Amino acid sequence: LDIDKLHPIRVAIDGVDGSGKTTMANELAEELKSSNRQIIRVSVDDFHNPREIRYKKGRNSPEGFYFDSFNHTAIIEYVLRPLGPNGTLQYKQTFFDHKNNNEVASIVNKADENSILVMDGIFLQRPELFKYWDLRIFLDVDFKSTMSRMVNRERDRNYLGSEEKIIAINNERYMPGQKLYFKEFL
């Protein structure tokens, strides 16, 4: 990355569910290793809110999905601000385990001043996060393609269940929630 900063470069890999964010972020992080800079890999999935917050508007609520899924304050406090201008360089890679619904006792890591953060996740260009990124990448993949990927992806089957359940939650919660994001972001 040819970006000159006096702090770590903060890269967001954004896109809808099933667009390939994690794969791209992992591939980018691997490619960047040749820069001889510290590469910090973080996922928004490690910064969920507890279930009682995520689902307070209902398990299938698009508004709940968009507004309540992630702890943006924790992302800013533990990752983006420490790695930004005048930051402490002390960051956490995880904050919350959404599968077990509990905070994790994450160790505090120390970043090199010239390191590169690669963070993947949905909704990374929300207004409260937007100003913290030095580079934003949005994977523009249509919903038909992402639905097909999610139905055939093992991690979604393990977490969401059958093909019918994956399709139902996508149609009721995920796609409408992501369309709310598009209204605000695009």
# chains A, B, ... in the order shown; residues from 1 in each chain; ligands from 1

$ select_by_dssp --residues "range 78-150 of chain A" --states "strand (DSSP E)" --output "PDB file with N, CA, C and O atoms, in the first residue's frame"
ATOM      1  N   GLN A  90      -1.750   0.611  21.141  1.00  0.00           N
ATOM      2  CA  GLN A  90      -2.162  -0.553  21.916  1.00  0.00           C
ATOM      3  C   GLN A  90      -3.607  -0.881  21.554  1.00  0.00           C
ATOM      4  O   GLN A  90      -4.503  -0.085  21.812  1.00  0.00           O
ATOM      5  N   TYR A  91      -3.822  -2.052  20.982  1.00  0.00           N
ATOM      6  CA  TYR A  91      -5.130  -2.419  20.432  1.00  0.00           C
ATOM      7  C   TYR A  91      -5.520  -3.832  20.860  1.00  0.00           C
ATOM      8  O   TYR A  91      -4.684  -4.609  21.317  1.00  0.00           O
ATOM      9  N   PHE A  96     -15.739  -9.513  21.724  1.00  0.00           N
ATOM     10  CA  PHE A  96     -16.937 -10.251  22.098  1.00  0.00           C
ATOM     11  C   PHE A  96     -17.073 -11.528  21.274  1.00  0.00           C
ATOM     12  O   PHE A  96     -16.874 -11.504  20.062  1.00  0.00           O
ATOM     13  N   ASP A  97     -17.407 -12.622  21.942  1.00  0.00           N
ATOM     14  CA  ASP A  97     -17.651 -13.911  21.288  1.00  0.00           C
ATOM     15  C   ASP A  97     -19.158 -14.061  21.102  1.00  0.00           C
ATOM     16  O   ASP A  97     -19.877 -14.377  22.043  1.00  0.00           O
ATOM     17  N   ASN A 102     -20.555 -13.767  25.102  1.00  0.00           N
ATOM     18  CA  ASN A 102     -19.842 -13.184  26.236  1.00  0.00           C
ATOM     19  C   ASN A 102     -18.620 -12.393  25.772  1.00  0.00           C
ATOM     20  O   ASN A 102     -18.064 -12.644  24.711  1.00  0.00           O
ATOM     21  N   GLU A 103     -18.238 -11.416  26.591  1.00  0.00           N
ATOM     22  CA  GLU A 103     -17.010 -10.666  26.324  1.00  0.00           C
ATOM     23  C   GLU A 103     -15.836 -11.609  26.473  1.00  0.00           C
ATOM     24  O   GLU A 103     -15.885 -12.572  27.243  1.00  0.00           O
ATOM     25  N   ASN A 109      -2.456  -5.790  22.440  1.00  0.00           N
ATOM     26  CA  ASN A 109      -1.303  -5.930  21.558  1.00  0.00           C
ATOM     27  C   ASN A 109      -0.683  -4.562  21.307  1.00  0.00           C
ATOM     28  O   ASN A 109      -1.360  -3.542  21.406  1.00  0.00           O
ATOM     29  N   LYS A 110       0.574  -4.557  20.927  1.00  0.00           N
ATOM     30  CA  LYS A 110       1.281  -3.314  20.598  1.00  0.00           C
ATOM     31  C   LYS A 110       1.614  -3.334  19.112  1.00  0.00           C
ATOM     32  O   LYS A 110       2.289  -4.226  18.624  1.00  0.00           O
ATOM     33  N   ILE A 116       0.004  -2.223   9.274  1.00  0.00           N
ATOM     34  CA  ILE A 116      -1.189  -2.109   8.447  1.00  0.00           C
ATOM     35  C   ILE A 116      -2.299  -2.946   9.071  1.00  0.00           C
ATOM     36  O   ILE A 116      -2.126  -4.147   9.289  1.00  0.00           O
ATOM     37  N   LEU A 117      -3.417  -2.302   9.365  1.00  0.00           N
ATOM     38  CA  LEU A 117      -4.610  -2.987   9.861  1.00  0.00           C
ATOM     39  C   LEU A 117      -5.474  -3.342   8.654  1.00  0.00           C
ATOM     40  O   LEU A 117      -5.780  -2.485   7.830  1.00  0.00           O
ATOM     41  N   VAL A 118      -5.875  -4.591   8.576  1.00  0.00           N
ATOM     42  CA  VAL A 118      -6.839  -5.041   7.572  1.00  0.00           C
ATOM     43  C   VAL A 118      -8.029  -5.595   8.346  1.00  0.00           C
ATOM     44  O   VAL A 118      -7.923  -6.620   9.020  1.00  0.00           O
ATOM     45  N   MET A 119      -9.151  -4.878   8.265  1.00  0.00           N
ATOM     46  CA  MET A 119     -10.360  -5.285   8.988  1.00  0.00           C
ATOM     47  C   MET A 119     -11.468  -5.581   7.991  1.00  0.00           C
ATOM     48  O   MET A 119     -11.722  -4.790   7.095  1.00  0.00           O
ATOM     49  N   ASP A 120     -12.097  -6.738   8.159  1.00  0.00           N
ATOM     50  CA  ASP A 120     -13.216  -7.091   7.293  1.00  0.00           C
ATOM     51  C   ASP A 120     -14.513  -7.029   8.081  1.00  0.00           C
ATOM     52  O   ASP A 120     -14.520  -7.209   9.294  1.00  0.00           O
ATOM     53  N   LEU A 135      -8.138   3.695   4.064  1.00  0.00           N
ATOM     54  CA  LEU A 135      -8.494   3.101   2.778  1.00  0.00           C
ATOM     55  C   LEU A 135      -9.743   2.259   2.985  1.00  0.00           C
ATOM     56  O   LEU A 135      -9.810   1.462   3.925  1.00  0.00           O
ATOM     57  N   ARG A 136     -10.736   2.463   2.119  1.00  0.00           N
ATOM     58  CA  ARG A 136     -11.998   1.724   2.193  1.00  0.00           C
ATOM     59  C   ARG A 136     -12.187   0.952   0.902  1.00  0.00           C
ATOM     60  O   ARG A 136     -12.122   1.530  -0.181  1.00  0.00           O
ATOM     61  N   ILE A 137     -12.454  -0.349   1.031  1.00  0.00           N
ATOM     62  CA  ILE A 137     -12.731  -1.190  -0.131  1.00  0.00           C
ATOM     63  C   ILE A 137     -14.118  -1.787   0.079  1.00  0.00           C
ATOM     64  O   ILE A 137     -14.380  -2.406   1.112  1.00  0.00           O
ATOM     65  N   PHE A 138     -14.996  -1.572  -0.894  1.00  0.00           N
ATOM     66  CA  PHE A 138     -16.341  -2.141  -0.825  1.00  0.00           C
ATOM     67  C   PHE A 138     -16.475  -3.174  -1.932  1.00  0.00           C
ATOM     68  O   PHE A 138     -16.286  -2.864  -3.106  1.00  0.00           O
ATOM     69  N   LEU A 139     -16.796  -4.407  -1.557  1.00  0.00           N
ATOM     70  CA  LEU A 139     -16.995  -5.480  -2.527  1.00  0.00           C
ATOM     71  C   LEU A 139     -18.441  -5.429  -3.002  1.00  0.00           C
ATOM     72  O   LEU A 139     -19.367  -5.739  -2.248  1.00  0.00           O
TER      73      LEU A 139
END

$ select_by_dssp --residues "range 15-171 of chain A" --states "helix (DSSP H, G or I)" --output "PyMOL selection string"
chain A and resi 21-35+44-47+51-54+62-68+72-80+127-130+143-152+154-160+163-171

$ atom_distance --atom1 "CA of Ile167 in chain A" --atom2 "CA of Ile75 in chain A"
29.3 Å

$ residues_around --residues "Asn60 in chain A" --least-positions-apart "2" --cutoff "12 Å" --atoms "only C-alpha atoms" --output "PDB file with N, CA, C and O atoms, in the first residue's frame"
ATOM      1  N   ARG A  54     -28.528  -7.253  20.207  1.00  0.00           N
ATOM      2  CA  ARG A  54     -28.666  -7.556  18.775  1.00  0.00           C
ATOM      3  C   ARG A  54     -30.106  -7.871  18.381  1.00  0.00           C
ATOM      4  O   ARG A  54     -30.536  -7.530  17.289  1.00  0.00           O
ATOM      5  N   TYR A  55     -30.833  -8.540  19.263  1.00  0.00           N
ATOM      6  CA  TYR A  55     -32.180  -9.007  18.915  1.00  0.00           C
ATOM      7  C   TYR A  55     -33.294  -8.284  19.665  1.00  0.00           C
ATOM      8  O   TYR A  55     -34.431  -8.732  19.654  1.00  0.00           O
ATOM      9  N   LYS A  56     -32.995  -7.142  20.275  1.00  0.00           N
ATOM     10  CA  LYS A  56     -34.030  -6.445  21.049  1.00  0.00           C
ATOM     11  C   LYS A  56     -35.191  -5.970  20.178  1.00  0.00           C
ATOM     12  O   LYS A  56     -36.302  -5.804  20.667  1.00  0.00           O
ATOM     13  N   LYS A  57     -34.955  -5.766  18.896  1.00  0.00           N
ATOM     14  CA  LYS A  57     -36.033  -5.367  17.975  1.00  0.00           C
ATOM     15  C   LYS A  57     -36.683  -6.587  17.313  1.00  0.00           C
ATOM     16  O   LYS A  57     -37.542  -6.440  16.458  1.00  0.00           O
ATOM     17  N   GLY A  58     -36.234  -7.778  17.693  1.00  0.00           N
ATOM     18  CA  GLY A  58     -36.749  -9.015  17.121  1.00  0.00           C
ATOM     19  C   GLY A  58     -35.670  -9.755  16.359  1.00  0.00           C
ATOM     20  O   GLY A  58     -34.785  -9.135  15.751  1.00  0.00           O
ATOM     21  N   PRO A  62     -34.706  -6.191  10.346  1.00  0.00           N
ATOM     22  CA  PRO A  62     -33.641  -5.560   9.563  1.00  0.00           C
ATOM     23  C   PRO A  62     -33.024  -4.369  10.297  1.00  0.00           C
ATOM     24  O   PRO A  62     -31.808  -4.157  10.234  1.00  0.00           O
ATOM     25  N   GLU A  63     -33.856  -3.607  11.007  1.00  0.00           N
ATOM     26  CA  GLU A  63     -33.350  -2.456  11.760  1.00  0.00           C
ATOM     27  C   GLU A  63     -32.418  -2.927  12.866  1.00  0.00           C
ATOM     28  O   GLU A  63     -31.375  -2.312  13.116  1.00  0.00           O
ATOM     29  N   GLY A  64     -32.795  -4.002  13.542  1.00  0.00           N
ATOM     30  CA  GLY A  64     -31.936  -4.563  14.576  1.00  0.00           C
ATOM     31  C   GLY A  64     -30.607  -5.034  14.007  1.00  0.00           C
ATOM     32  O   GLY A  64     -29.554  -4.859  14.614  1.00  0.00           O
ATOM     33  N   PHE A  65     -30.673  -5.638  12.827  1.00  0.00           N
ATOM     34  CA  PHE A  65     -29.448  -6.108  12.172  1.00  0.00           C
ATOM     35  C   PHE A  65     -28.526  -4.936  11.873  1.00  0.00           C
ATOM     36  O   PHE A  65     -27.347  -4.954  12.226  1.00  0.00           O
ATOM     37  N   TYR A  66     -29.053  -3.900  11.253  1.00  0.00           N
ATOM     38  CA  TYR A  66     -28.211  -2.770  10.871  1.00  0.00           C
ATOM     39  C   TYR A  66     -27.763  -1.932  12.070  1.00  0.00           C
ATOM     40  O   TYR A  66     -26.585  -1.614  12.214  1.00  0.00           O
ATOM     41  N   SER A  69     -26.266  -4.770  15.621  1.00  0.00           N
ATOM     42  CA  SER A  69     -25.421  -5.970  15.568  1.00  0.00           C
ATOM     43  C   SER A  69     -24.049  -5.797  16.209  1.00  0.00           C
ATOM     44  O   SER A  69     -23.566  -6.688  16.893  1.00  0.00           O
ATOM     45  N   LYS A 165     -33.633 -22.071   6.168  1.00  0.00           N
ATOM     46  CA  LYS A 165     -33.425 -21.080   7.225  1.00  0.00           C
ATOM     47  C   LYS A 165     -32.495 -19.960   6.755  1.00  0.00           C
ATOM     48  O   LYS A 165     -32.719 -18.794   7.073  1.00  0.00           O
ATOM     49  N   ILE A 166     -31.461 -20.316   6.007  1.00  0.00           N
ATOM     50  CA  ILE A 166     -30.533 -19.315   5.495  1.00  0.00           C
ATOM     51  C   ILE A 166     -31.263 -18.366   4.547  1.00  0.00           C
ATOM     52  O   ILE A 166     -31.116 -17.144   4.639  1.00  0.00           O
ATOM     53  N   ALA A 168     -34.512 -17.754   4.439  1.00  0.00           N
ATOM     54  CA  ALA A 168     -35.509 -16.980   5.185  1.00  0.00           C
ATOM     55  C   ALA A 168     -34.869 -15.816   5.934  1.00  0.00           C
ATOM     56  O   ALA A 168     -35.350 -14.678   5.853  1.00  0.00           O
ATOM     57  N   ILE A 169     -33.777 -16.060   6.655  1.00  0.00           N
ATOM     58  CA  ILE A 169     -33.160 -14.975   7.428  1.00  0.00           C
ATOM     59  C   ILE A 169     -32.533 -13.939   6.506  1.00  0.00           C
ATOM     60  O   ILE A 169     -32.535 -12.746   6.815  1.00  0.00           O
ATOM     61  N   ASN A 170     -32.013 -14.369   5.383  1.00  0.00           N
ATOM     62  CA  ASN A 170     -31.489 -13.412   4.408  1.00  0.00           C
ATOM     63  C   ASN A 170     -32.595 -12.513   3.887  1.00  0.00           C
ATOM     64  O   ASN A 170     -32.414 -11.299   3.787  1.00  0.00           O
ATOM     65  N   ASN A 171     -33.719 -13.091   3.532  1.00  0.00           N
ATOM     66  CA  ASN A 171     -34.829 -12.318   2.972  1.00  0.00           C
ATOM     67  C   ASN A 171     -35.496 -11.413   3.997  1.00  0.00           C
ATOM     68  O   ASN A 171     -35.956 -10.324   3.663  1.00  0.00           O
ATOM     69  N   GLU A 172     -35.550 -11.855   5.263  1.00  0.00           N
ATOM     70  CA  GLU A 172     -36.251 -11.091   6.299  1.00  0.00           C
ATOM     71  C   GLU A 172     -35.357 -10.092   7.022  1.00  0.00           C
ATOM     72  O   GLU A 172     -35.806  -8.998   7.358  1.00  0.00           O
ATOM     73  N   ARG A 173     -34.108 -10.451   7.299  1.00  0.00           N
ATOM     74  CA  ARG A 173     -33.246  -9.628   8.158  1.00  0.00           C
ATOM     75  C   ARG A 173     -32.032  -9.058   7.417  1.00  0.00           C
ATOM     76  O   ARG A 173     -31.824  -7.851   7.404  1.00  0.00           O
ATOM     77  N   TYR A 174     -31.235  -9.925   6.825  1.00  0.00           N
ATOM     78  CA  TYR A 174     -29.940  -9.496   6.317  1.00  0.00           C
ATOM     79  C   TYR A 174     -30.040  -8.570   5.106  1.00  0.00           C
ATOM     80  O   TYR A 174     -29.476  -7.471   5.121  1.00  0.00           O
ATOM     81  N   MET A 175     -30.714  -8.994   4.059  1.00  0.00           N
ATOM     82  CA  MET A 175     -30.782  -8.132   2.867  1.00  0.00           C
ATOM     83  C   MET A 175     -31.504  -6.814   3.144  1.00  0.00           C
ATOM     84  O   MET A 175     -30.985  -5.754   2.782  1.00  0.00           O
ATOM     85  N   PRO A 176     -32.663  -6.821   3.821  1.00  0.00           N
ATOM     86  CA  PRO A 176     -33.293  -5.525   4.123  1.00  0.00           C
ATOM     87  C   PRO A 176     -32.426  -4.652   5.032  1.00  0.00           C
ATOM     88  O   PRO A 176     -32.386  -3.430   4.875  1.00  0.00           O
ATOM     89  N   GLY A 177     -31.701  -5.251   5.976  1.00  0.00           N
ATOM     90  CA  GLY A 177     -30.798  -4.485   6.841  1.00  0.00           C
ATOM     91  C   GLY A 177     -29.658  -3.872   6.053  1.00  0.00           C
ATOM     92  O   GLY A 177     -29.252  -2.732   6.296  1.00  0.00           O
TER      93      GLY A 177
END

$ closest_residue --among "A:Glu184, A:Leu129, A:Asn71, A:Ser35" --to "Arg51 in chain A" --atoms "only C-alpha atoms"
A:Asn71

$ residues_around --residues "Pro85 in chain A" --least-positions-apart "4" --cutoff "9 Å" --atoms "only C-alpha atoms" --output "list of chain:residue names"
A:Lys5, A:Leu6, A:His7, A:Pro8, A:Arg81

$ residues_around --residues "Arg37 in chain A" --least-positions-apart "6" --cutoff "12 Å" --atoms "only C-alpha atoms" --output "list in words"
Leu1, Pro8, Ile9, Ala29, Glu30, Glu31, Ala111, Asp112, Glu113, Asn114, Ser115, Ile116 and Leu117 of chain A

$ write_last_selection --atoms "N, CA and C atoms" --output "mmCIF file, in the first residue's frame"
data_model
loop_
_atom_site.group_PDB
_atom_site.id
_atom_site.type_symbol
_atom_site.label_atom_id
_atom_site.label_comp_id
_atom_site.auth_asym_id
_atom_site.auth_seq_id
_atom_site.Cartn_x
_atom_site.Cartn_y
_atom_site.Cartn_z
ATOM 1 N N LEU A 1 0.837 -1.179 0.000
ATOM 2 C CA LEU A 1 0.000 0.000 0.000
ATOM 3 C C LEU A 1 0.880 1.240 0.000
ATOM 4 N N PRO A 8 -0.358 3.619 11.927
ATOM 5 C CA PRO A 8 -0.722 2.455 11.111
ATOM 6 C C PRO A 8 -1.801 2.803 10.078
ATOM 7 N N ILE A 9 -1.713 2.176 8.935
ATOM 8 C CA ILE A 9 -2.721 2.353 7.893
ATOM 9 C C ILE A 9 -3.908 1.458 8.245
ATOM 10 N N ALA A 29 -3.983 -9.462 3.428
ATOM 11 C CA ALA A 29 -3.038 -9.532 4.547
ATOM 12 C C ALA A 29 -1.845 -10.417 4.187
ATOM 13 N N GLU A 30 -2.105 -11.529 3.530
ATOM 14 C CA GLU A 30 -1.019 -12.427 3.114
ATOM 15 C C GLU A 30 -0.098 -11.730 2.117
ATOM 16 N N GLU A 31 -0.692 -11.060 1.147
ATOM 17 C CA GLU A 31 0.086 -10.338 0.131
ATOM 18 C C GLU A 31 0.934 -9.224 0.762
ATOM 19 N N ALA A 111 1.114 -2.336 18.401
ATOM 20 C CA ALA A 111 1.357 -2.222 16.964
ATOM 21 C C ALA A 111 2.641 -1.444 16.697
ATOM 22 N N ASP A 112 3.272 -1.772 15.588
ATOM 23 C CA ASP A 112 4.364 -0.944 15.093
ATOM 24 C C ASP A 112 3.756 0.304 14.473
ATOM 25 N N GLU A 113 4.483 1.388 14.502
ATOM 26 C CA GLU A 113 3.968 2.650 13.951
ATOM 27 C C GLU A 113 3.654 2.549 12.454
ATOM 28 N N ASN A 114 4.371 1.703 11.742
ATOM 29 C CA ASN A 114 4.150 1.584 10.301
ATOM 30 C C ASN A 114 3.362 0.324 9.921
ATOM 31 N N SER A 115 2.628 -0.228 10.864
ATOM 32 C CA SER A 115 1.864 -1.449 10.594
ATOM 33 C C SER A 115 0.654 -1.152 9.706
ATOM 34 N N ILE A 116 0.004 -2.223 9.274
ATOM 35 C CA ILE A 116 -1.189 -2.109 8.447
ATOM 36 C C ILE A 116 -2.299 -2.946 9.071
ATOM 37 N N LEU A 117 -3.417 -2.302 9.365
ATOM 38 C CA LEU A 117 -4.610 -2.987 9.861
ATOM 39 C C LEU A 117 -5.474 -3.342 8.654
#

$ closest_residue --among "A:Thr22, A:Thr146, A:Ser106, A:Ser61" --to "Phe47 in chain A" --atoms "only C-alpha atoms"
A:Ser106

$ atom_distance --atom1 "CA of Thr94 in chain A" --atom2 "CA of Glu77 in chain A"
11.9 Å

$ atom_distance --atom1 "CA of Val79 in chain A" --atom2 "CA of Lys92 in chain A"
6.1 Å

$ closest_residue --among "A:Val44, A:Leu89, A:Val108, A:Val11" --to "Thr73 in chain A" --atoms "only C-alpha atoms"
A:Val44

$ closest_residue --among "A:His98, A:Asp17, A:Ser162, A:Ala74" --to "Glu52 in chain A" --atoms "only C-alpha atoms"
A:His98
